[in-house]
file my_file_32.txt (compact mmCIF, C-alpha atoms and all ligand atoms)
# COMPACT_ATOMS: atom_id res chain seq x y z
CA MET A 1 36.93 23.73 -50.06
CA ALA A 2 39.86 22.60 -47.93
CA THR A 3 43.12 24.39 -48.62
CA THR A 4 46.66 23.17 -48.05
CA HIS A 5 48.92 25.84 -46.55
CA THR A 6 52.64 25.15 -46.87
CA THR A 7 55.49 26.88 -45.13
CA ARG A 8 59.04 26.28 -44.02
CA MET A 9 58.02 26.91 -40.40
CA LEU A 10 54.69 25.85 -39.00
CA ILE A 11 53.86 27.10 -35.50
CA ILE A 12 50.90 25.85 -33.51
CA GLY A 13 49.90 28.28 -30.77
CA SER A 14 49.88 32.05 -30.54
CA GLY A 15 50.96 32.90 -26.98
CA PRO A 16 54.32 34.55 -26.20
CA ALA A 17 56.22 31.36 -27.15
CA GLY A 18 54.58 30.90 -30.56
CA LEU A 19 54.72 34.58 -31.46
CA SER A 20 58.36 34.97 -30.39
CA ALA A 21 59.24 31.93 -32.50
CA ALA A 22 57.34 33.60 -35.36
CA ILE A 23 59.15 36.92 -35.00
CA TYR A 24 62.56 35.23 -35.08
CA GLY A 25 61.48 32.78 -37.77
CA ALA A 26 60.10 35.50 -40.05
CA ARG A 27 63.21 37.61 -39.68
CA ALA A 28 65.27 34.54 -40.63
CA GLY A 29 63.24 34.14 -43.83
CA MET A 30 61.30 31.05 -42.78
CA GLU A 31 57.94 32.67 -43.67
CA PRO A 32 56.15 31.20 -40.67
CA ILE A 33 52.51 30.33 -40.42
CA VAL A 34 51.04 30.57 -36.93
CA VAL A 35 47.86 28.62 -36.39
CA GLN A 36 46.06 30.33 -33.53
CA GLY A 37 44.04 28.04 -31.36
CA LEU A 38 40.83 28.48 -29.42
CA GLN A 39 42.35 31.23 -27.29
CA PRO A 40 44.36 33.42 -29.69
CA GLY A 41 47.11 35.11 -27.69
CA GLY A 42 47.10 32.43 -25.00
CA GLN A 43 46.83 32.78 -21.24
CA LEU A 44 47.88 36.44 -21.18
CA THR A 45 44.64 37.37 -22.89
CA ILE A 46 42.72 36.33 -19.78
CA THR A 47 44.94 38.25 -17.35
CA THR A 48 44.69 41.96 -16.75
CA ASP A 49 47.65 43.84 -15.28
CA VAL A 50 51.15 42.78 -16.31
CA GLU A 51 53.98 44.39 -14.43
CA ASN A 52 56.85 41.94 -14.92
CA TYR A 53 57.32 41.85 -18.70
CA PRO A 54 60.58 43.72 -19.35
CA GLY A 55 60.50 46.96 -21.27
CA PHE A 56 57.42 48.60 -19.78
CA ARG A 57 57.79 50.89 -16.78
CA ASP A 58 54.04 51.26 -16.32
CA VAL A 59 51.56 48.45 -15.75
CA ILE A 60 50.38 47.07 -19.09
CA GLN A 61 47.43 44.87 -19.96
CA GLY A 62 47.93 41.22 -20.97
CA PRO A 63 45.57 41.38 -24.00
CA TRP A 64 47.30 44.56 -25.23
CA LEU A 65 50.74 42.91 -24.93
CA MET A 66 49.56 39.98 -27.03
CA GLN A 67 48.05 42.27 -29.67
CA GLU A 68 51.38 44.07 -29.92
CA MET A 69 53.30 40.78 -30.21
CA GLN A 70 50.95 39.62 -32.95
CA ALA A 71 51.24 42.93 -34.81
CA GLN A 72 55.03 42.66 -34.60
CA ALA A 73 54.99 39.06 -35.85
CA GLU A 74 52.75 40.05 -38.80
CA HIS A 75 54.83 43.13 -39.53
CA VAL A 76 57.95 41.00 -40.08
CA GLY A 77 56.12 38.57 -42.35
CA THR A 78 54.20 35.99 -40.27
CA ARG A 79 50.91 34.66 -41.61
CA MET A 80 48.38 34.28 -38.79
CA LEU A 81 45.63 31.77 -39.50
CA TRP A 82 42.72 30.97 -37.24
CA ASP A 83 41.95 27.28 -36.89
CA THR A 84 41.92 24.61 -34.23
CA ILE A 85 44.31 21.79 -34.99
CA THR A 86 42.64 18.43 -34.46
CA GLU A 87 45.27 16.06 -35.82
CA VAL A 88 49.01 16.05 -36.43
CA SER A 89 51.35 13.80 -38.34
CA LEU A 90 54.96 13.98 -37.19
CA GLU A 91 56.28 11.69 -39.88
CA GLY A 92 58.08 14.43 -41.70
CA PRO A 93 59.44 16.66 -42.87
CA PRO A 94 57.14 18.04 -43.97
CA PHE A 95 55.16 17.83 -40.73
CA ARG A 96 51.44 18.05 -41.18
CA ALA A 97 48.55 19.39 -39.11
CA ILE A 98 44.87 19.24 -39.92
CA GLY A 99 42.49 21.91 -38.71
CA ASP A 100 38.90 21.89 -37.60
CA SER A 101 38.14 23.76 -40.84
CA GLY A 102 39.44 20.82 -42.88
CA ASP A 103 42.48 22.85 -44.01
CA ILE A 104 45.88 21.18 -44.01
CA TYR A 105 49.04 22.88 -42.79
CA GLU A 106 52.47 21.61 -43.78
CA GLY A 107 55.80 22.80 -42.42
CA ASP A 108 59.41 21.74 -42.99
CA VAL A 109 59.77 22.34 -39.27
CA LEU A 110 57.08 22.27 -36.63
CA VAL A 111 57.09 24.44 -33.51
CA ILE A 112 54.63 23.36 -30.84
CA ALA A 113 53.61 26.25 -28.61
CA THR A 114 50.18 25.12 -27.50
CA GLY A 115 50.69 26.23 -23.89
CA ALA A 116 48.99 25.12 -20.71
CA GLN A 117 45.92 26.17 -18.82
CA ALA A 118 45.66 26.74 -15.09
CA LYS A 119 43.10 24.43 -13.57
CA TRP A 120 40.23 26.17 -11.82
CA LEU A 121 38.05 24.98 -8.97
CA GLY A 122 34.73 25.71 -10.64
CA ALA A 123 33.41 27.26 -7.41
CA PRO A 124 30.73 29.97 -7.60
CA GLY A 125 32.26 33.46 -7.86
CA GLU A 126 35.59 32.18 -9.22
CA VAL A 127 35.03 33.49 -12.75
CA GLU A 128 33.35 36.72 -11.60
CA PHE A 129 36.21 37.62 -9.23
CA SER A 130 38.97 36.54 -11.61
CA GLY A 131 41.25 39.59 -11.89
CA LYS A 132 39.34 41.17 -8.97
CA GLY A 133 40.98 39.18 -6.21
CA VAL A 134 41.08 35.69 -7.68
CA SER A 135 44.22 34.68 -9.60
CA ALA A 136 46.03 31.54 -10.70
CA CYS A 137 49.53 33.05 -10.72
CA ALA A 138 51.27 34.42 -7.63
CA THR A 139 54.39 35.44 -9.56
CA CYS A 140 52.20 37.52 -11.89
CA ASP A 141 49.81 39.05 -9.39
CA GLY A 142 51.35 38.67 -5.90
CA PHE A 143 52.85 42.14 -6.07
CA PHE A 144 49.38 43.69 -6.10
CA TYR A 145 48.75 42.28 -2.61
CA ARG A 146 51.58 44.02 -0.78
CA GLY A 147 50.72 44.21 2.91
CA LYS A 148 47.38 42.46 2.35
CA LYS A 149 45.87 39.13 3.41
CA VAL A 150 45.99 36.32 0.87
CA VAL A 151 45.00 32.67 0.65
CA VAL A 152 46.36 29.92 -1.59
CA ILE A 153 44.24 26.93 -2.52
CA GLY A 154 45.96 23.59 -3.20
CA GLY A 155 48.41 21.16 -1.71
CA GLY A 156 51.00 20.41 -4.38
CA ASN A 157 54.37 21.95 -5.18
CA THR A 158 52.76 24.88 -6.96
CA ALA A 159 50.55 25.80 -3.99
CA VAL A 160 53.40 25.58 -1.50
CA GLU A 161 55.79 27.50 -3.75
CA GLU A 162 53.19 30.17 -4.42
CA ALA A 163 52.47 30.53 -0.70
CA LEU A 164 56.18 30.92 0.04
CA TYR A 165 56.52 33.41 -2.81
CA LEU A 166 53.60 35.43 -1.46
CA THR A 167 55.35 35.86 1.89
CA ASN A 168 57.59 38.34 0.04
CA HIS A 169 54.59 40.63 -0.19
CA SER A 170 52.16 39.58 2.53
CA HIS A 171 52.53 38.91 6.25
CA ASP A 172 49.33 36.91 6.31
CA VAL A 173 49.26 33.92 3.97
CA THR A 174 46.85 31.01 4.51
CA VAL A 175 47.00 27.77 2.54
CA ILE A 176 43.64 26.03 2.16
CA HIS A 177 43.85 22.34 1.35
CA ARG A 178 41.11 19.76 0.92
CA ARG A 179 42.97 16.98 2.76
CA ASP A 180 45.11 16.76 5.91
CA SER A 181 48.46 16.38 4.17
CA PHE A 182 50.25 17.99 1.27
CA ARG A 183 51.56 16.20 -1.77
CA ALA A 184 54.28 18.84 -2.20
CA GLU A 185 57.92 17.80 -1.78
CA LYS A 186 59.01 17.50 1.85
CA ILE A 187 61.66 20.20 1.58
CA LEU A 188 59.03 22.70 0.42
CA GLN A 189 56.62 21.62 3.14
CA ASP A 190 59.33 22.03 5.80
CA ARG A 191 60.02 25.53 4.55
CA LEU A 192 56.32 26.36 4.60
CA PHE A 193 55.67 24.99 8.08
CA ALA A 194 58.69 26.88 9.42
CA HIS A 195 57.48 30.21 8.03
CA PRO A 196 55.98 32.42 10.74
CA ASN A 197 53.61 34.21 8.35
CA VAL A 198 51.94 31.12 6.87
CA LYS A 199 48.97 29.24 8.32
CA VAL A 200 47.35 26.11 6.91
CA LEU A 201 43.64 25.28 6.95
CA TRP A 202 43.35 21.51 6.51
CA ASN A 203 40.35 19.60 5.20
CA LYS A 204 38.68 22.63 3.69
CA ALA A 205 37.17 23.03 0.26
CA VAL A 206 36.12 26.34 -1.25
CA SER A 207 32.36 26.62 -1.64
CA ARG A 208 32.18 30.22 -2.90
CA PHE A 209 34.20 33.38 -3.56
CA SER A 210 32.31 36.46 -2.47
CA GLY A 211 32.79 40.20 -2.09
CA ASP A 212 31.97 43.44 -3.84
CA LEU A 213 32.17 43.06 -7.62
CA ALA A 214 31.49 46.74 -8.24
CA GLY A 215 34.06 48.05 -5.75
CA GLY A 216 36.57 46.38 -3.47
CA GLY A 217 36.64 42.99 -5.21
CA LEU A 218 37.07 39.73 -3.35
CA GLN A 219 36.46 39.90 0.40
CA THR A 220 35.64 36.41 1.63
CA VAL A 221 36.31 32.81 0.73
CA GLU A 222 33.56 30.55 1.97
CA LEU A 223 34.61 27.06 2.98
CA VAL A 224 33.20 23.70 3.81
CA ASP A 225 34.97 21.14 5.97
CA THR A 226 35.61 18.03 3.85
CA VAL A 227 35.38 15.75 6.94
CA THR A 228 32.58 17.25 9.04
CA GLY A 229 30.71 19.25 6.38
CA GLU A 230 30.79 22.30 8.64
CA ALA A 231 30.69 25.68 6.88
CA SER A 232 33.13 28.47 7.70
CA SER A 233 34.74 31.42 5.95
CA ILE A 234 37.96 33.40 5.79
CA ASP A 235 38.25 37.10 4.97
CA THR A 236 40.94 37.86 2.44
CA ASP A 237 42.06 40.38 -0.19
CA GLY A 238 43.35 37.83 -2.66
CA ALA A 239 42.89 34.13 -3.43
CA PHE A 240 45.39 32.19 -5.51
CA VAL A 241 44.07 28.99 -7.02
CA ALA A 242 47.06 26.64 -7.34
CA ILE A 243 45.62 23.22 -8.09
CA GLY A 244 47.80 22.46 -11.09
CA HIS A 245 48.09 23.18 -14.77
CA ALA A 246 47.05 21.13 -17.75
CA PRO A 247 49.37 21.31 -20.77
CA ALA A 248 47.63 21.24 -24.15
CA THR A 249 49.26 18.05 -25.38
CA GLU A 250 46.30 15.84 -26.23
CA LEU A 251 47.26 16.03 -29.92
CA PHE A 252 50.71 14.64 -29.27
CA LYS A 253 49.89 11.62 -27.09
CA GLY A 254 51.60 8.54 -28.49
CA LYS A 255 53.56 10.71 -30.96
CA LEU A 256 55.95 12.55 -28.65
CA GLU A 257 57.29 11.65 -25.23
CA LEU A 258 55.24 13.30 -22.48
CA ASP A 259 56.19 13.39 -18.78
CA ASP A 260 53.94 12.13 -15.97
CA SER A 261 52.09 15.47 -15.88
CA GLY A 262 51.58 15.48 -19.67
CA TYR A 263 54.25 18.05 -20.60
CA ILE A 264 56.32 17.51 -23.76
CA VAL A 265 59.78 16.17 -22.95
CA VAL A 266 62.60 18.10 -24.61
CA LYS A 267 66.35 17.59 -24.61
CA PRO A 268 67.53 19.42 -21.47
CA GLY A 269 68.34 23.06 -22.09
CA THR A 270 66.87 23.02 -25.62
CA PRO A 271 63.44 23.11 -27.27
CA LYS A 272 64.27 19.95 -29.27
CA THR A 273 61.92 16.98 -29.06
CA ALA A 274 63.09 13.47 -29.93
CA ILE A 275 61.91 14.05 -33.53
CA PRO A 276 64.40 16.12 -35.54
CA GLY A 277 62.63 19.20 -36.88
CA VAL A 278 59.92 19.21 -34.21
CA PHE A 279 60.41 21.75 -31.43
CA ALA A 280 58.38 22.58 -28.33
CA CYS A 281 58.49 25.87 -26.46
CA GLY A 282 56.69 27.75 -23.72
CA ASP A 283 54.38 26.30 -21.11
CA VAL A 284 53.70 23.12 -23.09
CA MET A 285 57.24 21.95 -22.17
CA ASP A 286 57.88 23.98 -19.00
CA HIS A 287 56.02 23.24 -15.79
CA THR A 288 58.53 25.04 -13.63
CA TYR A 289 58.78 28.68 -14.72
CA ARG A 290 55.61 29.31 -16.76
CA GLN A 291 56.21 33.02 -17.31
CA ALA A 292 55.49 35.09 -20.42
CA VAL A 293 59.11 36.08 -20.59
CA THR A 294 60.42 32.51 -20.27
CA ALA A 295 57.91 31.34 -22.87
CA ALA A 296 59.11 34.09 -25.20
CA GLY A 297 62.71 33.02 -24.51
CA THR A 298 62.10 29.39 -25.41
CA GLY A 299 60.14 30.52 -28.49
CA CYS A 300 63.24 32.37 -29.63
CA MET A 301 65.36 29.25 -28.95
CA ALA A 302 62.95 27.11 -31.01
CA ALA A 303 63.24 29.49 -33.98
CA LEU A 304 67.04 29.56 -33.80
CA ASP A 305 67.21 25.77 -33.63
CA ALA A 306 64.62 25.47 -36.42
CA GLU A 307 66.74 27.70 -38.62
CA ARG A 308 69.83 25.55 -37.94
CA PHE A 309 67.86 22.37 -38.62
CA LEU A 310 66.61 23.71 -41.96
CA ALA A 311 70.07 24.93 -42.97
CA GLU A 312 71.59 21.49 -42.23
CA HIS A 313 68.69 19.65 -43.84
CA GLU A 314 68.70 21.78 -46.98
CA PHE A 315 72.50 21.57 -47.23
CA ALA A 316 72.36 17.76 -46.96
CA ALA A 317 69.59 17.61 -49.62
CA ALA A 318 71.58 19.88 -51.96
CA GLN A 319 74.66 17.71 -51.50
CA ALA A 320 72.71 14.52 -52.24
CA GLU A 321 71.33 16.13 -55.39
CA ALA A 322 74.84 17.20 -56.48
CA VAL A 323 76.10 13.61 -56.06
CA VAL A 324 73.25 12.25 -58.20
P1 LIG B 401 49.67 18.78 -8.37
O1 LIG B 401 48.80 18.00 -9.26
O2 LIG B 401 50.93 18.19 -7.87
O3 LIG B 401 48.84 19.24 -7.10
C1 LIG B 401 47.58 19.79 -7.22
C2 LIG B 401 47.05 20.06 -5.82
O4 LIG B 401 45.80 20.70 -5.95
C3 LIG B 401 46.85 18.79 -5.00
O5 LIG B 401 47.23 19.01 -3.69
C4 LIG B 401 45.36 18.53 -5.13
O6 LIG B 401 44.78 17.97 -3.97
C5 LIG B 401 44.82 19.94 -5.27
N1 LIG B 401 43.60 19.93 -6.05
C6 LIG B 401 43.41 19.43 -7.31
N2 LIG B 401 42.15 19.62 -7.71
C7 LIG B 401 41.52 20.25 -6.67
C8 LIG B 401 40.21 20.69 -6.47
N3 LIG B 401 39.27 20.58 -7.40
N4 LIG B 401 39.90 21.27 -5.28
C9 LIG B 401 40.84 21.43 -4.33
N5 LIG B 401 42.11 21.01 -4.45
C10 LIG B 401 42.44 20.44 -5.62
O7 LIG B 401 49.91 20.17 -9.18
P2 LIG B 401 51.11 21.19 -9.04
O8 LIG B 401 50.79 22.31 -9.96
O9 LIG B 401 51.35 21.52 -7.65
O10 LIG B 401 52.31 20.40 -9.64
C11 LIG B 401 52.24 19.83 -10.97
C12 LIG B 401 53.56 19.14 -11.29
O11 LIG B 401 54.57 20.12 -11.43
C13 LIG B 401 53.99 18.19 -10.18
O12 LIG B 401 54.66 17.12 -10.77
C14 LIG B 401 54.94 19.04 -9.39
O13 LIG B 401 55.86 18.29 -8.66
C15 LIG B 401 55.59 19.88 -10.48
N6 LIG B 401 56.08 21.15 -9.98
C16 LIG B 401 57.38 21.22 -9.62
C17 LIG B 401 57.89 22.37 -9.11
C18 LIG B 401 59.31 22.35 -8.71
O14 LIG B 401 59.97 21.34 -8.90
N7 LIG B 401 59.83 23.42 -8.17
C19 LIG B 401 57.07 23.58 -8.93
C20 LIG B 401 55.70 23.40 -9.31
C21 LIG B 401 55.24 22.21 -9.81
P3 LIG B 401 45.09 16.46 -3.51
O15 LIG B 401 46.47 16.49 -2.96
O16 LIG B 401 44.03 16.20 -2.52
O17 LIG B 401 44.95 15.65 -4.76

call {"tool": "encode", "arguments": {"input": "my_file_32.txt", "output": "structure tokens", "more": "lines below"}}
Ligand code: NDP
result
Amino acid sequence: MATTHTTRMLIIGSGPAGLSAAIYGARAGMEPIVVQGLQPGGQLTITTDVENYPGFRDVIQGPWLMQEMQAQAEHVGTRMLWDTITEVSLEGPPFRAIGDSGDIYEGDVLVIATGAQAKWLGAPGEVEFSGKGVSACATCDGFFYRGKKVVVIGGGNTAVEEALYLTNHSHDVTVIHRRDSFRAEKILQDRLFAHPNVKVLWNKAVSRFSGDLAGGGLQTVELVDTVTGEASSIDTDGAFVAIGHAPATELFKGKLELDDSGYIVVKPGTPKTAIPGVFACGDVMDHTYRQAVTAAGTGCMAALDAERFLAEHEFAAAQAEAVV
């Protein structure tokens, strides 16, 4: 039978943003419920080595970091529930979400931390070599390719920025793009073209990632010319797929303002959406930084603002009651 779960603070999403909001929210007495989605723990659970999350001198594992965050959130009083939210009603408070299970979740505040997913090419070998030479995040993994050859696939801002970032570690960066011009901003393109350590392969699509799965990892990216159909290949140590991200905002279409790329629009410098009491944090509202630590930071901001919202709301309700 369907159950209704009520809380002062309902959080959808269990990556670093959602769990940080939960840790702060629980410690502030908001007794949060976190509804974990299809990928409990978020994107970090599909990465391996993490070397840039503060507080750990040694390399840690993404899944382990998320387990620790969840344990911490539960330790301070968060209820973690597994369900996939299929519908939301933002006409609150209370704000209401309905899960795949049929259960209903109601919160006096709602924190949206549903994250984003890197888009993948779907080329053969991409999944097999993921974490063994294939990555979707240069800031996360670029450091592991110091002094090595790398390629970046894509032609937007992300691809060009990632290629430029990788020049900090590699003297041999090649951008592979399926057309003969980039869609990235001109200033970024100018910077890329002026860089002596970056080459561009135009009109090339990836047909396969290959190498030695048992040993050295990725070795070659096989290509096909999108104009002539000619096959070629490039030897490389690392391939960064940078063809965009898709924020998980399907649920909020028509209910919250989304930008052209589908990210939730918040008031600048805050996690506040246009609906009082509804907050968004982490990658679902941030297409620029997209780091675990920035997601955690905005999760904290959402909890602090949620606490203020509840205090003001409850104070106003108490005053109205006193007048009556
Ligand atoms: P974009 O959608 O802008 O670009 C994606 C790129 O990947 C395009 O060049 C596209 O090719 C290519 N691509 C898409 N699918 C495939 C595929 N299957 N095979 C090969 N290539 C493919 O994504 P970005 O992540 O670059 O940017 C997303 C948004 O975030 C944009 O609005 C961007 O401006 C913004 N952004 C801003 C930044 C900043 O301001 N500093 C930094 C990063 C992003 P094609 O061009 O042929 O379609």

call {"tool": "residues_around", "arguments": {"input": "my_file_32.txt", "residues": "stretch 220-228 of chain A", "least_positions_apart": "4", "cutoff": "12 Å", "atoms": "all atoms listed in the file", "output": "NGL selection string"}}
result
:A and (123-126 or 129 or 133-134 or 149-153 or 174-180 or 201-213 or 216 or 232-241)

call {"tool": "closest_atom_pairs", "arguments": {"input": "my_file_32.txt", "of": "chain A", "to": "ligand LIG 401 (chain B)", "cutoff": "9 Å", "atoms": "all atoms listed in the file", "output": "CSV"}}
result
residue,atom,partner,partner_atom,distance
A:Ala118,CA,B:LIG401,O8,8.5
A:Lys119,CA,B:LIG401,N2,7.6
A:Trp120,CA,B:LIG401,N3,7.2
A:Leu121,CA,B:LIG401,N3,4.8
A:Gly122,CA,B:LIG401,N3,7.6
A:Ala123,CA,B:LIG401,N3,8.9
A:Ile153,CA,B:LIG401,N5,6.6
A:Gly154,CA,B:LIG401,O4,4.0
A:Gly155,CA,B:LIG401,O5,3.2
A:Gly156,CA,B:LIG401,O9,3.5
A:Asn157,CA,B:LIG401,O9,3.9
A:Thr158,CA,B:LIG401,O9,3.7
A:Ala159,CA,B:LIG401,O9,5.7
A:Val160,CA,B:LIG401,O9,7.6
A:Glu161,CA,B:LIG401,C19,6.6
A:Glu162,CA,B:LIG401,C20,8.7
A:Ile176,CA,B:LIG401,C9,8.4
A:His177,CA,B:LIG401,N5,6.2
A:Arg178,CA,B:LIG401,C9,5.5
A:Arg179,CA,B:LIG401,O16,5.4
A:Asp180,CA,B:LIG401,O16,8.5
A:Ser181,CA,B:LIG401,O15,7.4
A:Phe182,CA,B:LIG401,O15,5.9
A:Arg183,CA,B:LIG401,O15,5.2
A:Ala184,CA,B:LIG401,O2,6.6
A:Glu185,CA,B:LIG401,O13,7.2
A:Leu188,CA,B:LIG401,N7,8.7
A:Lys204,CA,B:LIG401,C9,8.4
A:Ala205,CA,B:LIG401,C9,6.1
A:Val206,CA,B:LIG401,C9,7.5
A:Val241,CA,B:LIG401,O4,8.5
A:Ala242,CA,B:LIG401,O4,6.2
A:Ile243,CA,B:LIG401,O4,3.3
A:Gly244,CA,B:LIG401,O8,3.2
A:His245,CA,B:LIG401,O8,5.6
A:Ala246,CA,B:LIG401,C11,8.6
A:Asp259,CA,B:LIG401,O12,9.0
A:Asp260,CA,B:LIG401,O12,7.2
A:Ser261,CA,B:LIG401,O12,6.0
A:His287,CA,B:LIG401,O11,5.6
A:Thr288,CA,B:LIG401,C19,5.1
A:Tyr289,CA,B:LIG401,C19,7.9

call {"tool": "residues_near_point", "arguments": {"input": "my_file_32.txt", "point": "(38.4, 25.3, -52.5)", "cutoff": "12 Å", "atoms": "all atoms listed in the file", "output": "ChimeraX atom specification"}}
result
/A:1-4,101-103

call {"tool": "write_last_selection", "arguments": {"input": "my_file_32.txt", "atoms": "C-alpha atoms", "output": "mmCIF file, in the frame of the given file"}}
result
data_model
loop_
_atom_site.group_PDB
_atom_site.id
_atom_site.type_symbol
_atom_site.label_atom_id
_atom_site.label_comp_id
_atom_site.auth_asym_id
_atom_site.auth_seq_id
_atom_site.Cartn_x
_atom_site.Cartn_y
_atom_site.Cartn_z
ATOM 1 C CA MET A 1 36.930 23.730 -50.060
ATOM 2 C CA ALA A 2 39.860 22.600 -47.930
ATOM 3 C CA THR A 3 43.120 24.390 -48.620
ATOM 4 C CA THR A 4 46.660 23.170 -48.050
ATOM 5 C CA SER A 101 38.140 23.760 -40.840
ATOM 6 C CA GLY A 102 39.440 20.820 -42.880
ATOM 7 C CA ASP A 103 42.480 22.850 -44.010
#

call {"tool": "atom_distance", "arguments": {"input": "my_file_32.txt", "atom1": "atom CA of A:His313", "atom2": "atom CA of A:Val278"}}
result
13.0 Å

call {"tool": "atom_distance", "arguments": {"input": "my_file_32.txt", "atom1": "atom CA of A:Val173", "atom2": "atom CA of A:Lys148"}}
result
8.9 Å

call {"tool": "residues_around", "arguments": {"input": "my_file_32.txt", "residues": "stretch 13-22 of chain A", "least_positions_apart": "3", "cutoff": "8 Å", "atoms": "only C-alpha atoms", "output": "MDAnalysis selection string"}}
result
chainID A and resid 25:26 32:37 40:44 66 69:70 73 78 111:115 281:282 292:293 295:303

call {"tool": "closest_residue", "arguments": {"input": "my_file_32.txt", "among": "A:Phe309, A:Tyr145, A:Phe279, A:Phe95", "to": "A:Thr6", "atoms": "only C-alpha atoms"}}
result
A:Phe95

call {"tool": "residues_around", "arguments": {"input": "my_file_32.txt", "residues": "A:Lys255", "least_positions_apart": "4", "cutoff": "9 Å", "atoms": "all atoms listed in the file", "output": "list in words"}}
result
Val88, Ser89, Leu90 and Leu251 of chain A

call {"tool": "atom_distance", "arguments": {"input": "my_file_32.txt", "atom1": "atom CA of A:Asp108", "atom2": "atom CA of A:Ala280"}}
result
14.7 Å

call {"tool": "closest_residue", "arguments": {"input": "my_file_32.txt", "among": "A:Ala138, A:Ile23, A:Ile11, A:Leu65", "to": "A:Tyr53", "atoms": "all atoms listed in the file"}}
result
A:Leu65

call {"tool": "closest_residue", "arguments": {"input": "my_file_32.txt", "among": "A:Val323, A:Leu110, A:Leu192, A:Ala311", "to": "A:Ala28", "atoms": "only C-alpha atoms"}}
result
A:Ala311

call {"tool": "closest_residue", "arguments": {"input": "my_file_32.txt", "among": "A:Arg290, A:Lys272, A:His75, A:Arg191", "to": "A:Pro247", "atoms": "all atoms listed in the file"}}
result
A:Arg290

call {"tool": "closest_residue", "arguments": {"input": "my_file_32.txt", "among": "A:Ser130, A:Gln319, A:Asn197, A:Gln67", "to": "A:Ala163", "atoms": "all atoms listed in the file"}}
result
A:Asn197

call {"tool": "axis_aligned_box", "arguments": {"input": "my_file_32.txt", "around": "stretch 133-150 of chain A", "padding_each_side": "4 Å", "output": "JSON"}}
result
{"center_x": 47.7, "center_y": 37.9, "center_z": -4.2, "size_x": 21.4, "size_y": 20.7, "size_z": 23.3}

call {"tool": "decode", "arguments": {"input": "my_file_32.txt", "residues": "stretch 169-183 of chain A", "atoms": "N, CA and C atoms", "output": "PDB file, in the first residue's frame"}}
result
ATOM      1  N   HIS A 169      48.652  19.664 -18.273  1.00  0.00           N
ATOM      2  CA  HIS A 169      49.257  18.374 -17.930  1.00  0.00           C
ATOM      3  C   HIS A 169      49.944  17.718 -19.126  1.00  0.00           C
ATOM      4  N   SER A 170      49.423  17.990 -20.318  1.00  0.00           N
ATOM      5  CA  SER A 170      49.895  17.253 -21.493  1.00  0.00           C
ATOM      6  C   SER A 170      50.429  18.233 -22.545  1.00  0.00           C
ATOM      7  N   HIS A 171      51.477  17.793 -23.238  1.00  0.00           N
ATOM      8  CA  HIS A 171      52.021  18.618 -24.326  1.00  0.00           C
ATOM      9  C   HIS A 171      51.464  18.181 -25.669  1.00  0.00           C
ATOM     10  N   ASP A 172      50.555  17.229 -25.641  1.00  0.00           N
ATOM     11  CA  ASP A 172      50.034  16.687 -26.893  1.00  0.00           C
ATOM     12  C   ASP A 172      48.525  16.453 -26.770  1.00  0.00           C
ATOM     13  N   VAL A 173      47.776  17.501 -27.083  1.00  0.00           N
ATOM     14  CA  VAL A 173      46.315  17.442 -26.948  1.00  0.00           C
ATOM     15  C   VAL A 173      45.703  17.561 -28.349  1.00  0.00           C
ATOM     16  N   THR A 174      44.829  16.627 -28.703  1.00  0.00           N
ATOM     17  CA  THR A 174      44.163  16.699 -30.007  1.00  0.00           C
ATOM     18  C   THR A 174      42.652  16.766 -29.795  1.00  0.00           C
ATOM     19  N   VAL A 175      42.020  17.744 -30.421  1.00  0.00           N
ATOM     20  CA  VAL A 175      40.560  17.825 -30.361  1.00  0.00           C
ATOM     21  C   VAL A 175      40.007  17.153 -31.615  1.00  0.00           C
ATOM     22  N   ILE A 176      39.065  16.262 -31.414  1.00  0.00           N
ATOM     23  CA  ILE A 176      38.429  15.553 -32.540  1.00  0.00           C
ATOM     24  C   ILE A 176      36.996  16.069 -32.641  1.00  0.00           C
ATOM     25  N   HIS A 177      36.665  16.611 -33.793  1.00  0.00           N
ATOM     26  CA  HIS A 177      35.306  17.172 -33.941  1.00  0.00           C
ATOM     27  C   HIS A 177      34.660  16.653 -35.227  1.00  0.00           C
ATOM     28  N   ARG A 178      33.360  16.424 -35.155  1.00  0.00           N
ATOM     29  CA  ARG A 178      32.661  15.788 -36.282  1.00  0.00           C
ATOM     30  C   ARG A 178      32.381  16.724 -37.451  1.00  0.00           C
ATOM     31  N   ARG A 179      32.538  18.032 -37.217  1.00  0.00           N
ATOM     32  CA  ARG A 179      32.304  19.001 -38.307  1.00  0.00           C
ATOM     33  C   ARG A 179      33.591  19.785 -38.576  1.00  0.00           C
ATOM     34  N   ASP A 180      33.488  20.844 -39.417  1.00  0.00           N
ATOM     35  CA  ASP A 180      34.699  21.615 -39.716  1.00  0.00           C
ATOM     36  C   ASP A 180      34.701  22.981 -39.032  1.00  0.00           C
ATOM     37  N   SER A 181      33.830  23.141 -38.038  1.00  0.00           N
ATOM     38  CA  SER A 181      33.886  24.367 -37.231  1.00  0.00           C
ATOM     39  C   SER A 181      33.350  24.071 -35.844  1.00  0.00           C
ATOM     40  N   PHE A 182      33.851  24.832 -34.888  1.00  0.00           N
ATOM     41  CA  PHE A 182      33.391  24.653 -33.504  1.00  0.00           C
ATOM     42  C   PHE A 182      32.161  25.504 -33.239  1.00  0.00           C
ATOM     43  N   ARG A 183      31.380  25.090 -32.248  1.00  0.00           N
ATOM     44  CA  ARG A 183      30.303  25.955 -31.790  1.00  0.00           C
ATOM     45  C   ARG A 183      30.708  26.709 -30.516  1.00  0.00           C
TER      46      ARG A 183
END
